[in-house]
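The data block below is upload-v9.cif; it holds mmCIF, C-alpha atoms.
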data_coords
#
loop_
_atom_site.group_PDB
_atom_site.id
_atom_site.type_symbol
_atom_site.label_atom_id
_atom_site.label_comp_id
_atom_site.auth_asym_id
_atom_site.auth_seq_id
_atom_site.Cartn_x
_atom_site.Cartn_y
_atom_site.Cartn_z
ATOM 1 C CA MET A 6 -12.671 -0.821 5.288
ATOM 2 C CA PRO A 7 -10.599 -1.771 8.303
ATOM 3 C CA LEU A 8 -8.604 -4.990 8.280
ATOM 4 C CA LEU A 9 -8.849 -5.604 12.008
ATOM 5 C CA MET A 10 -12.608 -5.114 12.377
ATOM 6 C CA LEU A 11 -12.081 -4.360 16.079
ATOM 7 C CA LYS A 12 -12.303 -0.930 17.624
ATOM 8 C CA ASN A 13 -9.746 -1.850 20.290
ATOM 9 C CA VAL A 14 -7.062 -4.512 20.582
ATOM 10 C CA PRO A 15 -7.865 -7.170 23.228
ATOM 11 C CA ARG A 16 -6.071 -6.740 26.552
ATOM 12 C CA TYR A 17 -3.012 -8.918 27.080
ATOM 13 C CA GLU A 18 -4.765 -10.708 29.967
ATOM 14 C CA CYS A 19 -7.516 -11.800 27.573
ATOM 15 C CA LEU A 20 -4.905 -13.217 25.213
ATOM 16 C CA LEU A 21 -3.329 -15.127 28.123
ATOM 17 C CA GLU A 22 -6.731 -16.653 28.935
ATOM 18 C CA ALA A 23 -7.327 -17.549 25.270
ATOM 19 C CA ALA A 24 -3.911 -19.266 25.165
ATOM 20 C CA LYS A 25 -5.169 -21.752 27.763
ATOM 21 C CA GLU A 26 -7.798 -22.931 25.300
ATOM 22 C CA PHE A 27 -5.626 -22.538 22.184
ATOM 23 C CA PRO A 28 -2.058 -23.647 22.997
ATOM 24 C CA ASP A 29 -0.708 -22.386 19.638
ATOM 25 C CA LEU A 30 -1.659 -18.828 20.608
ATOM 26 C CA ASP A 31 1.476 -16.933 21.619
ATOM 27 C CA PRO A 32 0.025 -13.976 23.549
ATOM 28 C CA SER A 33 2.860 -11.531 22.908
ATOM 29 C CA ALA A 34 3.012 -12.440 19.198
ATOM 30 C CA CYS A 35 -0.759 -12.078 18.898
ATOM 31 C CA GLU A 36 -0.715 -8.758 20.742
ATOM 32 C CA ALA A 37 2.030 -7.373 18.463
ATOM 33 C CA PHE A 38 0.227 -8.628 15.346
ATOM 34 C CA LEU A 39 -3.089 -7.083 16.396
ATOM 35 C CA HIS A 40 -1.351 -3.776 17.116
ATOM 36 C CA ILE A 41 0.224 -3.789 13.636
ATOM 37 C CA LEU A 42 -3.229 -4.272 12.088
ATOM 38 C CA HIS A 43 -4.801 -1.646 14.336
ATOM 39 C CA VAL A 44 -2.136 0.960 13.553
ATOM 40 C CA GLY A 45 -2.352 0.090 9.851
ATOM 41 C CA ASP A 46 -6.103 0.671 9.935
ATOM 42 C CA GLU A 47 -5.633 4.050 11.621
ATOM 43 C CA CYS A 48 -2.934 5.118 9.148
ATOM 44 C CA PHE A 49 -5.136 4.003 6.261
ATOM 45 C CA ARG A 50 -8.030 6.034 7.701
ATOM 46 C CA VAL A 51 -5.878 9.164 7.927
ATOM 47 C CA THR A 52 -4.692 8.919 4.316
ATOM 48 C CA GLU A 53 -8.084 7.790 3.036
ATOM 49 C CA THR A 54 -9.689 10.947 4.444
ATOM 50 C CA ASN A 55 -7.408 13.125 2.323
ATOM 51 C CA LEU A 56 -7.921 11.029 -0.814
ATOM 52 C CA ASN A 57 -11.704 11.079 -0.342
ATOM 53 C CA ARG A 58 -11.606 14.878 -0.286
ATOM 54 C CA HIS A 59 -10.079 14.665 -3.760
ATOM 55 C CA ASN A 60 -12.546 11.980 -4.901
ATOM 56 C CA ILE A 61 -9.860 9.367 -5.538
ATOM 57 C CA SER A 62 -9.462 5.823 -4.223
ATOM 58 C CA GLN A 63 -6.294 4.307 -2.773
ATOM 59 C CA GLY A 64 -6.037 2.082 -5.863
ATOM 60 C CA ARG A 65 -6.302 4.945 -8.333
ATOM 61 C CA PHE A 66 -3.864 7.010 -6.259
ATOM 62 C CA GLY A 67 -1.371 4.131 -6.280
ATOM 63 C CA VAL A 68 -1.516 3.862 -10.083
ATOM 64 C CA LEU A 69 -0.960 7.611 -10.467
ATOM 65 C CA MET A 70 1.999 7.514 -8.067
ATOM 66 C CA ILE A 71 3.606 4.618 -9.941
ATOM 67 C CA LEU A 72 3.235 6.470 -13.235
ATOM 68 C CA LEU A 73 4.628 9.670 -11.696
ATOM 69 C CA ASN A 74 7.656 7.846 -10.290
ATOM 70 C CA ASN A 75 8.403 5.723 -13.375
ATOM 71 C CA CYS A 76 10.966 8.095 -14.850
ATOM 72 C CA ARG A 77 13.172 7.868 -17.910
ATOM 73 C CA ASN A 78 16.823 8.927 -17.813
ATOM 74 C CA ASP A 79 15.796 12.565 -18.397
ATOM 75 C CA GLY A 80 13.585 12.497 -15.290
ATOM 76 C CA GLN A 81 10.303 12.594 -17.200
ATOM 77 C CA PRO A 82 7.619 10.010 -16.354
ATOM 78 C CA SER A 83 7.372 7.211 -18.890
ATOM 79 C CA ALA A 84 4.487 4.957 -19.863
ATOM 80 C CA LEU A 85 3.870 1.488 -18.468
ATOM 81 C CA SER A 86 1.805 -1.392 -19.773
ATOM 82 C CA PRO A 87 -1.286 -2.451 -17.836
ATOM 83 C CA ALA A 88 0.522 -5.708 -16.977
ATOM 84 C CA GLU A 89 3.461 -3.747 -15.505
ATOM 85 C CA LEU A 90 1.052 -1.602 -13.495
ATOM 86 C CA ALA A 91 -0.738 -4.698 -12.199
ATOM 87 C CA GLU A 92 2.602 -6.203 -11.140
ATOM 88 C CA ARG A 93 3.789 -3.027 -9.404
ATOM 89 C CA THR A 94 0.513 -2.474 -7.553
ATOM 90 C CA GLY A 95 0.032 -6.119 -6.631
ATOM 91 C CA VAL A 96 -3.453 -6.365 -8.115
ATOM 92 C CA THR A 97 -4.900 -8.541 -10.859
ATOM 93 C CA ARG A 98 -4.938 -7.462 -14.494
ATOM 94 C CA ALA A 99 -8.734 -7.249 -14.327
ATOM 95 C CA THR A 100 -8.517 -4.880 -11.354
ATOM 96 C CA ILE A 101 -5.894 -2.708 -13.039
ATOM 97 C CA THR A 102 -8.080 -2.493 -16.144
ATOM 98 C CA GLY A 103 -10.920 -1.078 -14.031
ATOM 99 C CA LEU A 104 -8.601 1.408 -12.336
ATOM 100 C CA ILE A 105 -7.172 2.543 -15.679
ATOM 101 C CA ASP A 106 -10.692 2.838 -17.141
ATOM 102 C CA THR A 107 -11.794 5.264 -14.428
ATOM 103 C CA LEU A 108 -8.524 7.209 -14.488
ATOM 104 C CA GLU A 109 -8.792 7.549 -18.262
ATOM 105 C CA ARG A 110 -12.465 8.553 -18.038
ATOM 106 C CA ASP A 111 -11.450 11.331 -15.633
ATOM 107 C CA GLY A 112 -8.620 12.453 -17.931
ATOM 108 C CA LEU A 113 -5.846 11.567 -15.469
ATOM 109 C CA VAL A 114 -4.165 8.956 -17.712
ATOM 110 C CA THR A 115 -4.170 8.063 -21.383
ATOM 111 C CA ARG A 116 -3.898 4.686 -23.082
ATOM 112 C CA SER A 117 -2.108 4.439 -26.390
ATOM 113 C CA PRO A 118 -0.646 1.672 -28.542
ATOM 114 C CA ASP A 119 2.934 0.712 -27.702
ATOM 115 C CA ALA A 120 5.394 2.263 -30.187
ATOM 116 C CA VAL A 121 7.206 -1.060 -30.695
ATOM 117 C CA ASP A 122 4.411 -3.611 -30.405
ATOM 118 C CA ARG A 123 1.115 -2.124 -31.614
ATOM 119 C CA ARG A 124 -0.790 -5.063 -30.017
ATOM 120 C CA MET A 125 0.259 -3.773 -26.581
ATOM 121 C CA MET A 126 -1.025 -0.701 -24.777
ATOM 122 C CA GLU A 127 0.859 1.879 -22.726
ATOM 123 C CA VAL A 128 -0.594 3.976 -19.926
ATOM 124 C CA SER A 129 0.727 7.493 -19.390
ATOM 125 C CA LEU A 130 0.072 10.194 -16.838
ATOM 126 C CA THR A 131 -1.638 13.269 -18.338
ATOM 127 C CA GLU A 132 -0.997 16.867 -17.326
ATOM 128 C CA LYS A 133 -4.357 16.770 -15.545
ATOM 129 C CA GLY A 134 -3.156 13.666 -13.657
ATOM 130 C CA ARG A 135 0.101 15.376 -12.711
ATOM 131 C CA ALA A 136 -1.852 18.460 -11.561
ATOM 132 C CA ALA A 137 -4.161 16.274 -9.462
ATOM 133 C CA LEU A 138 -1.159 14.713 -7.727
ATOM 134 C CA HIS A 139 0.356 18.133 -7.086
ATOM 135 C CA GLU A 140 -2.906 19.068 -5.397
ATOM 136 C CA ILE A 141 -3.155 15.838 -3.342
ATOM 137 C CA LEU A 142 0.467 15.219 -2.354
ATOM 138 C CA PRO A 143 1.258 18.199 -0.078
ATOM 139 C CA GLU A 144 -1.514 17.243 2.375
ATOM 140 C CA HIS A 145 -0.727 13.537 1.907
ATOM 141 C CA PHE A 146 2.897 14.131 2.931
ATOM 142 C CA ARG A 147 1.841 16.388 5.836
ATOM 143 C CA ARG A 148 -0.412 13.627 7.129
ATOM 144 C CA MET A 149 2.371 11.038 6.903
ATOM 145 C CA SER A 150 4.755 13.355 8.756
ATOM 146 C CA SER A 151 2.125 14.073 11.384
ATOM 147 C CA LEU A 152 1.552 10.365 11.970
ATOM 148 C CA MET A 153 5.283 9.793 12.525
ATOM 149 C CA GLN A 154 6.103 12.959 14.510
ATOM 150 C CA SER A 155 5.997 11.191 17.890
ATOM 151 C CA LEU A 156 8.994 9.064 16.830
ATOM 152 C CA ASP A 157 12.512 10.443 16.538
ATOM 153 C CA GLU A 158 14.724 9.566 13.554
ATOM 154 C CA GLY A 159 16.322 6.588 15.310
ATOM 155 C CA GLU A 160 12.958 5.174 16.358
ATOM 156 C CA ARG A 161 11.659 5.533 12.795
ATOM 157 C CA LYS A 162 14.647 3.644 11.413
ATOM 158 C CA LEU A 163 14.214 0.923 14.036
ATOM 159 C CA LEU A 164 10.503 0.694 13.236
ATOM 160 C CA VAL A 165 11.287 0.246 9.534
ATOM 161 C CA GLN A 166 13.817 -2.490 10.347
ATOM 162 C CA LEU A 167 11.351 -4.316 12.580
ATOM 163 C CA LEU A 168 8.504 -4.041 10.083
ATOM 164 C CA ASN A 169 10.810 -5.345 7.335
ATOM 165 C CA LYS A 170 11.534 -8.402 9.486
ATOM 166 C CA VAL A 171 7.794 -9.026 9.853
ATOM 167 C CA ARG A 172 7.274 -8.495 6.087
ATOM 168 C CA GLU A 173 10.073 -10.966 5.281
ATOM 169 C CA GLN A 174 8.510 -13.528 7.605
ATOM 170 C CA ALA A 175 5.105 -12.982 5.988
ATOM 171 C CA SER A 176 6.732 -13.553 2.583
ATOM 172 C CA ALA A 177 8.158 -16.827 3.866
ATOM 173 C CA ILE A 178 4.683 -18.177 4.644
ATOM 174 C CA SER A 179 2.896 -19.755 1.682
ATOM 175 C CA PRO A 180 -0.804 -19.183 0.961
ATOM 176 C CA THR A 181 -1.486 -22.601 2.503
ATOM 177 C CA GLY A 182 0.119 -21.458 5.757
ATOM 178 C CA SER A 183 3.263 -23.588 5.605
ATOM 179 C CA ILE A 184 6.621 -21.933 6.122
ATOM 180 C CA LEU A 185 8.528 -21.822 2.834
ATOM 181 C CA ALA A 186 11.870 -20.798 4.258
ATOM 182 C CA PRO A 187 13.076 -19.870 7.699
ATOM 183 C CA ALA A 188 13.297 -16.145 8.237
ATOM 184 C CA THR A 189 16.740 -14.761 8.876
ATOM 185 C CA VAL A 190 17.184 -12.941 12.137
#
Just give me the structure as structure tokens.
Amino acid sequence: MPLLMLKNVPRYECLLEAAKEFPDLDPSACEAFLHILHVGDECFRVTETNLNRHNISQGRFGVLMILLNNCRNDGQPSALSPAELAERTGVTRATITGLIDTLERDGLVTRSPDAVDRRMMEVSLTEKGRAALHEILPEHFRRMSSLMQSLDEGERKLLVQLLNKVREQASAISPTGSILAPATV
């Protein structure tokens, strides 16, 4: 589901008019913000199309990717606890439990007692899960490359720097909307 819920971003002139009624509206800041959301929605749509073809959600895909990339010193994927998966994906423990349940039902992950603390569980990627990722990832990476092909290497690096500045500023704003710390420029 799109975050922006608008098919098109409002024209800058409309934002200028709205700023007359709402003095806190900075038209150029609002325009940039709306474009970030709009582009994010489009990128999400492009990747979601590929995942849907493989009958997997973004959430389930994220869990599989974290398990694939959580490697031991020998390069082999290692298990993670549900709490660690929840932390790394940024979802609640209840949500991660549901994701793990469906992944386990489909044979893509296994749950087993922790070797050290038998009260804890570990989640591991199965061979079927690894095979599913090997089927999904080539097209996933092609789609990412295709989305970014209109930018040269320097523009991509600049884009990452600029988006990191926005992310840092977002992190500095508390859930209540107050600024926790000034962003560094």
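Each of A:Ser176, A:Asn74, A:Thr107, A:Thr100 was checked against Ile61 of chain A using all atoms listed in the file; the smallest atom-to-atom distance is that of A:Thr107.
For the pair atom CA of Val128 of chain A and atom CA of Ser86 of chain A, the separation is 5.9 Å.
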- Message: Would you compute the distance between atom CA of Glu89 of chain A and atom CA of Ile71 of chain A? Give it in Å to one decimal.
- Response: 10.0 Å
- Could you tell me which residues the PyMOL selection byres ((chain A and resi 72) around 8) grabs in this file, written as a PyMOL selection string? chain A and resi 68-71+73-75+82-85+129-130
Which centre and edge lengths in Å to one decimal define the box along x, y and z that fits every listed atom of segment 48-52 of chain A plus 3 Å per side, as JSON?
{"center_x": -5.5, "center_y": 6.6, "center_z": 6.7, "size_x": 11.1, "size_y": 11.2, "size_z": 10.8}
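Shell of Glu127 of chain A at 12 Å, with all atoms listed in the file counted and residues fewer than 5 places along the chain excluded, is Leu72, Ser83, Ala84, Leu85, Ser86, Pro87, Ala88, Glu89, Leu90, Thr102, Ile105, Val114, Thr115, Arg116, Ser117, Pro118, Asp119, Ala120, Val121 and Asp122 of chain A.
Note that the spacing between atom CA of Glu132 of chain A and atom CA of Cys76 of chain A amounts to 15.0 Å.
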- Item | Result set of the PyMOL selection byres ((chain A and resi 152) around 12) on the coordinates above, as a ChimeraX atom specification | /A:44-45,47-52,145-151,153-157,161
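When only C-alpha atoms are used to measure the gap to Leu39 of chain A, the shortest distance among A:Arg65, A:Lys25, A:Arg135, A:Lys12 belongs to A:Lys12.
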Would you list the contacts of segment 28-36 of chain A as a compact mmCIF listing (two decimals) with C-alpha atoms, in the frame of the given file, taking every protein, DNA or RNA residue within 9 Å and counting only C-alpha atoms, but skipping same-chain residues closer than 2 positions in sequence?
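Once everything was written out, this is around_26.txt:
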# COMPACT_ATOMS: atom_id res chain seq x y z
CA VAL A 14 -7.06 -4.51 20.58
CA PRO A 15 -7.86 -7.17 23.23
CA ARG A 16 -6.07 -6.74 26.55
CA TYR A 17 -3.01 -8.92 27.08
CA GLU A 18 -4.76 -10.71 29.97
CA CYS A 19 -7.52 -11.80 27.57
CA LEU A 20 -4.90 -13.22 25.21
CA LEU A 21 -3.33 -15.13 28.12
CA ALA A 23 -7.33 -17.55 25.27
CA ALA A 24 -3.91 -19.27 25.16
CA LYS A 25 -5.17 -21.75 27.76
CA GLU A 26 -7.80 -22.93 25.30
CA PHE A 38 0.23 -8.63 15.35
CA LEU A 39 -3.09 -7.08 16.40
CA HIS A 40 -1.35 -3.78 17.12
CA ILE A 41 0.22 -3.79 13.64
- Query: Pick from A:Pro143, A:Thr181, A:Gly64, A:Glu53: nearest to Leu104 of chain A, with only C-alpha atoms counted?
  - Reply: A:Gly64
- Message: With distances taken over only C-alpha atoms, which residue among A:Asn13, A:Ile141, A:Ala177, A:Leu164 lies nearest Leu42 of chain A?
- Response: A:Asn13
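The nearest approach to Ala136 of chain A among the residues A:Arg124, A:Glu92, A:Thr54, A:Gly112, with all atoms listed in the file taken into account, belongs to A:Gly112.
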